[in-house]
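Q: One file: query-v6.txt (compact mmCIF, C-alpha atoms and all ligand atoms).
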# COMPACT_ATOMS: atom_id res chain seq x y z
CA MET M 1 22.92 5.19 -32.85
CA ARG M 2 20.90 5.75 -35.99
CA LEU M 3 17.34 4.89 -36.94
CA ARG M 4 16.01 3.48 -40.19
CA PHE M 5 13.12 1.44 -41.51
CA ALA M 6 13.49 -2.29 -40.94
CA ARG M 7 14.27 -4.47 -43.95
CA ALA M 8 13.51 -8.12 -44.65
CA GLU M 9 17.27 -8.81 -44.28
CA ASP M 10 17.00 -7.80 -40.59
CA GLY M 11 14.80 -10.85 -39.93
CA ASP M 12 17.41 -13.03 -38.20
CA ARG M 13 18.56 -10.24 -35.88
CA LEU M 14 14.99 -9.20 -35.04
CA ALA M 15 14.19 -12.83 -34.21
CA GLU M 16 17.26 -12.96 -31.96
CA ILE M 17 16.23 -9.84 -30.02
CA TYR M 18 12.61 -11.02 -29.71
CA ARG M 19 13.34 -14.67 -28.79
CA PRO M 20 13.71 -14.33 -24.95
CA ALA M 21 10.34 -12.56 -24.71
CA VAL M 22 8.74 -15.60 -26.36
CA ALA M 23 10.86 -18.53 -25.17
CA GLU M 24 11.70 -17.50 -21.62
CA ARG M 25 9.02 -15.04 -20.49
CA ALA M 26 5.35 -14.18 -20.91
CA THR M 27 6.24 -10.71 -22.26
CA SER M 28 4.92 -11.91 -25.61
CA PHE M 29 1.91 -14.22 -25.81
CA GLU M 30 3.43 -16.10 -28.72
CA LEU M 31 4.40 -19.62 -27.65
CA ALA M 32 6.96 -20.51 -30.32
CA PRO M 33 9.75 -18.09 -31.27
CA PRO M 34 9.36 -16.90 -34.86
CA THR M 35 12.21 -17.60 -37.26
CA GLY M 36 14.16 -14.93 -39.09
CA ALA M 37 12.05 -15.65 -42.17
CA ASP M 38 8.88 -15.19 -40.09
CA MET M 39 10.14 -11.81 -38.86
CA ALA M 40 11.12 -10.80 -42.38
CA GLY M 41 7.57 -11.54 -43.51
CA ARG M 42 6.14 -9.51 -40.64
CA VAL M 43 8.36 -6.55 -41.50
CA THR M 44 7.26 -6.60 -45.13
CA ARG M 45 3.55 -6.90 -44.26
CA THR M 46 3.75 -4.19 -41.59
CA LEU M 47 5.52 -1.66 -43.80
CA ALA M 48 2.65 -1.82 -46.29
CA ARG M 49 0.71 0.39 -43.84
CA THR M 50 2.60 1.28 -40.66
CA PRO M 51 6.23 1.88 -39.59
CA TRP M 52 8.69 -0.73 -38.36
CA LEU M 53 11.90 0.95 -37.23
CA VAL M 54 15.26 -0.37 -36.11
CA ALA M 55 17.96 1.40 -34.12
CA GLU M 56 21.45 0.37 -35.06
CA ALA M 57 24.90 1.16 -33.75
CA ALA M 58 26.42 4.18 -35.48
CA GLU M 59 29.72 2.37 -35.88
CA ALA M 60 30.22 -0.47 -38.35
CA PRO M 61 29.03 -3.21 -38.43
CA HIS M 62 25.87 -1.24 -37.51
CA ARG M 63 24.46 -3.99 -35.30
CA VAL M 64 20.73 -3.64 -34.71
CA LEU M 65 20.20 -2.70 -31.04
CA GLY M 66 16.42 -2.71 -30.96
CA TYR M 67 13.22 -2.22 -32.90
CA ALA M 68 9.76 -0.71 -32.62
CA TYR M 69 6.70 -1.04 -34.80
CA ALA M 70 3.04 -0.16 -35.05
CA SER M 71 0.18 -2.29 -36.30
CA ALA M 72 -3.59 -1.94 -36.53
CA HIS M 73 -5.30 -1.96 -33.13
CA LYS M 74 -8.33 -3.69 -34.66
CA ASP M 75 -9.53 -4.26 -38.22
CA ARG M 76 -13.03 -2.71 -38.10
CA ALA M 77 -13.16 0.61 -39.93
CA ALA M 78 -13.86 2.94 -37.02
CA TYR M 79 -10.62 1.72 -35.39
CA GLN M 80 -8.51 2.84 -38.36
CA TRP M 81 -6.95 5.80 -36.45
CA SER M 82 -5.71 3.50 -33.65
CA VAL M 83 -2.52 1.45 -33.60
CA ASP M 84 -0.83 -0.93 -31.21
CA VAL M 85 2.87 -0.26 -30.65
CA SER M 86 5.65 -2.40 -29.28
CA THR M 87 9.41 -2.19 -28.83
CA TYR M 88 12.20 -4.60 -27.96
CA VAL M 89 15.75 -3.56 -27.14
CA ASP M 90 18.76 -5.86 -26.81
CA PRO M 91 19.67 -6.13 -23.09
CA SER M 92 23.20 -4.90 -23.87
CA ALA M 93 21.68 -1.52 -24.79
CA HIS M 94 19.02 -1.15 -22.07
CA ARG M 95 18.71 2.28 -20.39
CA GLY M 96 20.73 3.91 -23.14
CA GLY M 97 17.86 5.79 -24.74
CA VAL M 98 17.30 3.31 -27.59
CA GLY M 99 13.64 2.63 -26.75
CA ARG M 100 12.93 6.33 -26.31
CA ALA M 101 14.56 7.21 -29.62
CA LEU M 102 12.62 4.50 -31.44
CA TYR M 103 9.23 5.45 -29.96
CA THR M 104 9.80 9.19 -30.41
CA THR M 105 10.37 8.83 -34.15
CA LEU M 106 7.77 6.08 -34.52
CA PHE M 107 5.17 8.47 -33.10
CA GLU M 108 6.31 11.32 -35.35
CA ILE M 109 5.79 9.11 -38.39
CA LEU M 110 2.41 7.90 -37.10
CA ARG M 111 1.31 11.54 -36.63
CA LEU M 112 2.49 12.36 -40.13
CA GLN M 113 0.30 9.54 -41.41
CA GLY M 114 -2.73 10.78 -39.44
CA PHE M 115 -3.00 8.17 -36.68
CA VAL M 116 -4.55 9.47 -33.45
CA ASN M 117 -4.25 6.78 -30.75
CA ALA M 118 -1.42 4.42 -29.76
CA TYR M 119 -2.01 1.49 -27.42
CA ALA M 120 0.44 -0.82 -25.66
CA GLY M 121 -0.32 -4.10 -23.90
CA ILE M 122 2.09 -5.15 -21.15
CA THR M 123 2.08 -8.58 -19.53
CA LEU M 124 2.37 -7.96 -15.79
CA PRO M 125 4.67 -7.63 -14.06
CA ASN M 126 7.17 -5.86 -16.33
CA PRO M 127 8.57 -2.89 -14.39
CA ALA M 128 10.90 -1.90 -17.23
CA SER M 129 8.11 -1.70 -19.80
CA GLU M 130 5.69 -0.09 -17.33
CA GLY M 131 8.28 2.58 -16.39
CA PHE M 132 9.24 3.05 -20.01
CA HIS M 133 5.68 3.55 -21.28
CA ARG M 134 4.91 5.93 -18.41
CA ALA M 135 8.05 7.90 -19.29
CA MET M 136 6.81 8.08 -22.90
CA GLY M 137 3.52 9.62 -21.76
CA PHE M 138 1.21 6.59 -21.85
CA GLU M 139 -1.73 6.50 -19.44
CA PRO M 140 -3.36 3.41 -17.96
CA VAL M 141 -6.56 2.15 -19.59
CA GLY M 142 -7.18 -1.00 -17.57
CA VAL M 143 -6.02 -4.53 -16.88
CA TYR M 144 -7.25 -7.71 -18.56
CA ARG M 145 -7.07 -10.17 -15.68
CA ARG M 146 -5.63 -13.63 -16.37
CA VAL M 147 -6.19 -13.20 -20.09
CA GLY M 148 -3.41 -15.51 -21.28
CA TYR M 149 -1.90 -18.84 -20.17
CA LYS M 150 1.78 -19.36 -20.73
CA LEU M 151 4.71 -21.08 -18.96
CA GLY M 152 2.37 -22.73 -16.46
CA ASP M 153 0.50 -19.62 -15.34
CA TRP M 154 -2.32 -17.23 -16.16
CA HIS M 155 -1.15 -13.68 -16.86
CA ASP M 156 -2.64 -10.19 -16.54
CA VAL M 157 -2.13 -7.67 -19.34
CA ALA M 158 -2.19 -3.93 -18.62
CA TRP M 159 -3.33 -1.75 -21.52
CA LEU M 160 -2.04 1.80 -21.84
CA SER M 161 -2.91 4.56 -24.27
CA LEU M 162 -1.25 7.62 -25.74
CA ALA M 163 -3.06 10.31 -27.72
CA LEU M 164 -0.85 11.06 -30.72
CA ALA M 165 -3.02 13.93 -31.96
CA GLU M 166 -6.23 15.77 -31.16
CA HIS M 167 -9.49 13.88 -31.55
CA GLY M 168 -10.88 16.24 -34.19
CA ALA M 169 -14.18 16.00 -36.03
CA ASP M 170 -14.26 14.29 -39.42
CA PRO M 171 -10.66 12.93 -39.42
CA ARG M 172 -9.09 11.98 -42.74
CA PRO M 173 -8.20 8.30 -43.09
CA PRO M 174 -4.57 7.68 -42.13
CA ARG M 175 -2.25 7.56 -45.13
CA PRO M 176 -0.46 4.21 -45.68
CA LEU M 177 3.26 4.39 -45.00
CA PRO M 178 4.34 4.09 -48.67
CA GLU M 179 2.46 7.36 -49.37
CA VAL M 180 4.52 9.31 -46.80
CA ARG M 181 7.71 7.31 -47.08
CA LYS M 182 9.83 10.23 -48.36
CA GLU M 183 8.73 12.58 -45.55
CA ALA M 184 9.20 9.77 -43.04
CA GLU M 185 12.75 9.17 -44.30
CA ALA M 186 13.41 12.87 -43.66
CA LEU M 187 12.19 12.46 -40.07
CA LEU M 188 14.52 9.50 -39.62
CA ALA M 189 17.42 11.50 -41.03
CA SER M 190 16.70 14.47 -38.76
CA ALA M 191 16.48 12.11 -35.76
CA ALA M 192 20.02 11.01 -36.58
CA THR M 193 21.36 14.56 -36.56
CA ALA M 194 19.47 15.84 -33.47
CA PRO M 195 21.67 16.59 -30.43
CA ALA M 196 22.63 13.52 -28.44
CA ARG M 197 21.52 13.02 -24.87
CA ASP M 198 24.18 12.72 -22.23
CA LYS M 199 24.04 8.97 -22.30
CA ARG M 200 26.26 6.22 -23.55
CA VAL M 201 24.93 3.23 -25.40
CA ARG M 202 26.81 0.03 -24.81
CA GLY M 203 27.75 -1.95 -27.90
CA PRO M 204 27.48 -5.68 -28.41
CA ALA M 205 30.68 -6.36 -26.49
CA GLY M 206 29.54 -4.13 -23.63
CA GLY M 207 31.94 -1.31 -24.48
CA ALA M 208 30.66 2.28 -24.51
CA GLN M 209 29.88 3.93 -27.81
CA ALA M 210 29.62 7.63 -28.40
CA PRO M 211 26.39 9.09 -27.01
CA SER M 212 24.05 9.26 -29.91
CA THR M 213 20.40 9.30 -28.85
CA PRO M 214 18.66 11.24 -31.60
CA ARG M 215 16.21 13.11 -29.41
CA SER M 216 14.31 12.80 -26.19
C1 LIG C 301 11.09 -1.62 -22.08
C2 LIG C 301 12.33 -1.40 -22.96
C3 LIG C 301 11.90 -1.43 -24.42
C4 LIG C 301 12.94 -0.03 -22.63
O1 LIG C 301 13.96 0.26 -23.59
P1 LIG C 301 15.27 1.09 -23.20
O2 LIG C 301 16.01 1.41 -24.44
O3 LIG C 301 16.02 0.37 -22.15
O4 LIG C 301 14.61 2.40 -22.57
P2 LIG C 301 15.25 3.89 -22.55
O5 LIG C 301 16.67 3.83 -22.14
O6 LIG C 301 14.93 4.58 -23.81
O7 LIG C 301 14.41 4.51 -21.34
C5 LIG C 301 13.55 5.64 -21.47
C6 LIG C 301 12.88 5.84 -20.13
O8 LIG C 301 12.02 4.74 -19.83
C7 LIG C 301 12.07 4.49 -18.41
N1 LIG C 301 12.65 3.15 -18.18
C8 LIG C 301 13.40 2.42 -19.04
N2 LIG C 301 13.77 1.25 -18.47
C9 LIG C 301 13.25 1.27 -17.22
C10 LIG C 301 13.31 0.34 -16.15
N3 LIG C 301 14.00 -0.82 -16.24
N4 LIG C 301 12.65 0.64 -15.00
C11 LIG C 301 11.97 1.82 -14.89
N5 LIG C 301 11.89 2.74 -15.88
C12 LIG C 301 12.53 2.46 -17.03
C13 LIG C 301 12.96 5.54 -17.79
O9 LIG C 301 12.15 6.65 -17.42
C14 LIG C 301 13.85 5.89 -18.96
O10 LIG C 301 14.41 7.19 -18.88
P3 LIG C 301 15.81 7.39 -18.08
O11 LIG C 301 16.75 6.32 -18.53
O12 LIG C 301 16.23 8.76 -18.50
O13 LIG C 301 15.46 7.25 -16.62
C15 LIG C 301 13.43 -2.48 -22.68
O14 LIG C 301 13.59 -2.61 -21.29
C16 LIG C 301 13.10 -3.85 -23.26
O15 LIG C 301 13.36 -4.12 -24.45
N6 LIG C 301 12.58 -4.76 -22.43
C17 LIG C 301 12.31 -6.13 -22.85
C18 LIG C 301 11.19 -6.23 -23.88
C19 LIG C 301 9.91 -5.56 -23.40
O16 LIG C 301 9.47 -5.76 -22.28
N7 LIG C 301 9.32 -4.79 -24.32
C20 LIG C 301 8.07 -4.11 -24.07
C21 LIG C 301 6.96 -5.04 -24.45
S1 LIG C 301 5.42 -4.45 -23.76
Please rewrite the model in this file as structure tokens.
A:
Amino acid sequence: MRLRFARAEDGDRLAEIYRPAVAERATSFELAPPTGADMAGRVTRTLARTPWLVAEAAEAPHRVLGYAYASAHKDRAAYQWSVDVSTYVDPSAHRGGVGRALYTTLFEILRLQGFVNAYAGITLPNPASEGFHRAMGFEPVGVYRRVGYKLGDWHDVAWLSLALAEHGADPRPPRPLPEVRKEAEALLASAATAPARDKRVRGPAGGAQAPSTPRS
């Protein structure tokens, strides 16, 4: 597996990975699955300030296995150090360390930029996402009860938080991603060369690929 910044050309594959969370479940509160062009637009807009990463198979054709991104938690100025994060991994690659690799490097880049808080909202129940975010160090904030209506039901959303850095006095505004892009590329490259975990990531056909999780 290797990590890189998402590109507009990934749009169709990102839409494919995301689609079940929109069309079949309440994981996402979107009601209509975005198209590849929609996802391409989101990637471009996101990368103007915050990271959007993809994990792809090390072997050609380098199929994208999953993605993770950060976006502003809220627009008002005092929230500028806080981001929301989210990740989606193709079911063929679940429990192979893809989500962990994506979040680990996403958080390194966010720290480099100067962000301090990461938040995740999880539509309940979602044991995989709850277990995953706990494993990544997130702590519960609280639950919005019946905050969204989708697929014939009202749904609770649990919010979790992770402190990315110390809450120091007089923090500098986070630097937009383009300003740190070179250093961030170096983090992505070092993630690719870090020792692999003892795990095997299944490829699109379900066959095992060489263990390649960048870091844990
Ligand atoms: C949640 C999700 C992103 C996890 O990705 P993943 O690549 O399978 O996760 P990883 O293999 O990196 O797991 C890292 C750790 O998270 C925890 N975890 C992952 N999946 C879990 C599950 N199904 N149940 C409990 N804990 C789980 C484990 O502690 C795991 O470490 P381990 O495998 O050494 O035990 C993936 O299940 C997914 O894409 N789900 C559908 C979309 C979704 O719900 N996204 C989150 C939106 S809020």
Q: With distances taken over only C-alpha atoms and all ligand atoms, which of M:Ala169, M:Ala32, M:Leu102, M:Ala57 is nearest to ligand LIG 301 (chain C)?
A: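 Result for the nearest residue to ligand LIG 301 (chain C): M:Leu102.
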Q: Quick one: axis-aligned box around all listed atoms of ligand LIG 301 (chain C), 4 Å on every side, centre and edge lengths in Å to one decimal, written as lines of an AutoDock Vina configuration file.
A:
center_x = 11.1
center_y = 1.3
center_z = -19.7
size_x = 19.3
size_y = 23.0
size_z = 17.6
Q: With only C-alpha atoms as the counted atoms, please give the residues lying no more than 10 Å from stretch 78-82 of chain M, apart from itself and same-chain residues fewer than 4 positions off, as an MDAnalysis selection string.
A: chainID M and resid 70:74 110 113:119 161:164 167 171:174
Q: Do you know which residues are at most 12 Å from M:Gly41 counting only C-alpha atoms, after dropping those on the same chain fewer than 2 positions away, and could you put them as a list of chain:residue names?
A: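 Using only C-alpha atoms, the neighbours found are M:Ala6, M:Arg7, M:Ala8, M:Glu9, M:Asp10, M:Gly11, M:Asp12, M:Leu14, M:Ala15, M:Pro34, M:Thr35, M:Gly36, M:Ala37, M:Asp38, M:Met39, M:Val43, M:Thr44, M:Arg45, M:Thr46, M:Leu47, M:Ala48.
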Q: Return the single residue from M:Ala40, M:Ile122, M:Leu106, M:Val83 that is closest to M:Ser28, with distances computed using all atoms listed in the file.
A: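 For M:Ser28, the nearest of the candidates is M:Ile122.
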Q: Select, from M:Ala135, M:Val143, M:Leu112, M:Leu151, the residue with the minimum atom-to-atom distance to M:Leu31, counting all atoms listed in the file.
A: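 Using all atoms listed in the file, the shortest distance to M:Leu31 belongs to M:Leu151.
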Q: Please check which protein, DNA or RNA residues sit within 9 Å of ligand LIG 301 (chain C), counting all atoms listed in the file, and write them as a PyMOL selection string.
A: chain M and resi 17-18+20-21+27-28+65-68+85-91+93-103+120-123+126-136+199+201+213+216
Q: Could you state the separation of atom CA of M:Leu53 and atom CA of M:Thr105 in Å, given to one decimal place?
A: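 Distance reported for this atom pair: 8.6 Å.
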Q: Near M:Leu187, counting only C-alpha atoms, which residues have an atom at most 10 Å away, once you skip same-chain residues fewer than 3 positions from it, shown as a list in words?
A: Leu3, Arg4, Thr105, Leu106, Glu108, Ile109, Leu112, Arg181, Lys182, Glu183, Ala184, Ser190, Ala191 and Ala192 of chain M
Q: What is the atom CA of M:Thr50-atom CA of M:Tyr69 distance in Å, reported with one decimal?
A: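 Rounded to one decimal, the two atoms are 7.5 Å apart.
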Q: Suppose you want the space between atom CA of M:Ala77 and atom CA of M:Arg42; what is it in Å?
A: 21.8 Å
Q: So, with all atoms listed in the file as the atoms that count, which of M:Leu188, M:Leu124, M:Val54, M:Met1 lies closest to M:Ala158?
A: M:Leu124
Q: Using only C-alpha atoms for the distances, tell me which of M:Trp154, M:Phe29, M:Tyr144, M:Trp52 is nearest to M:Leu177.
A: M:Trp52
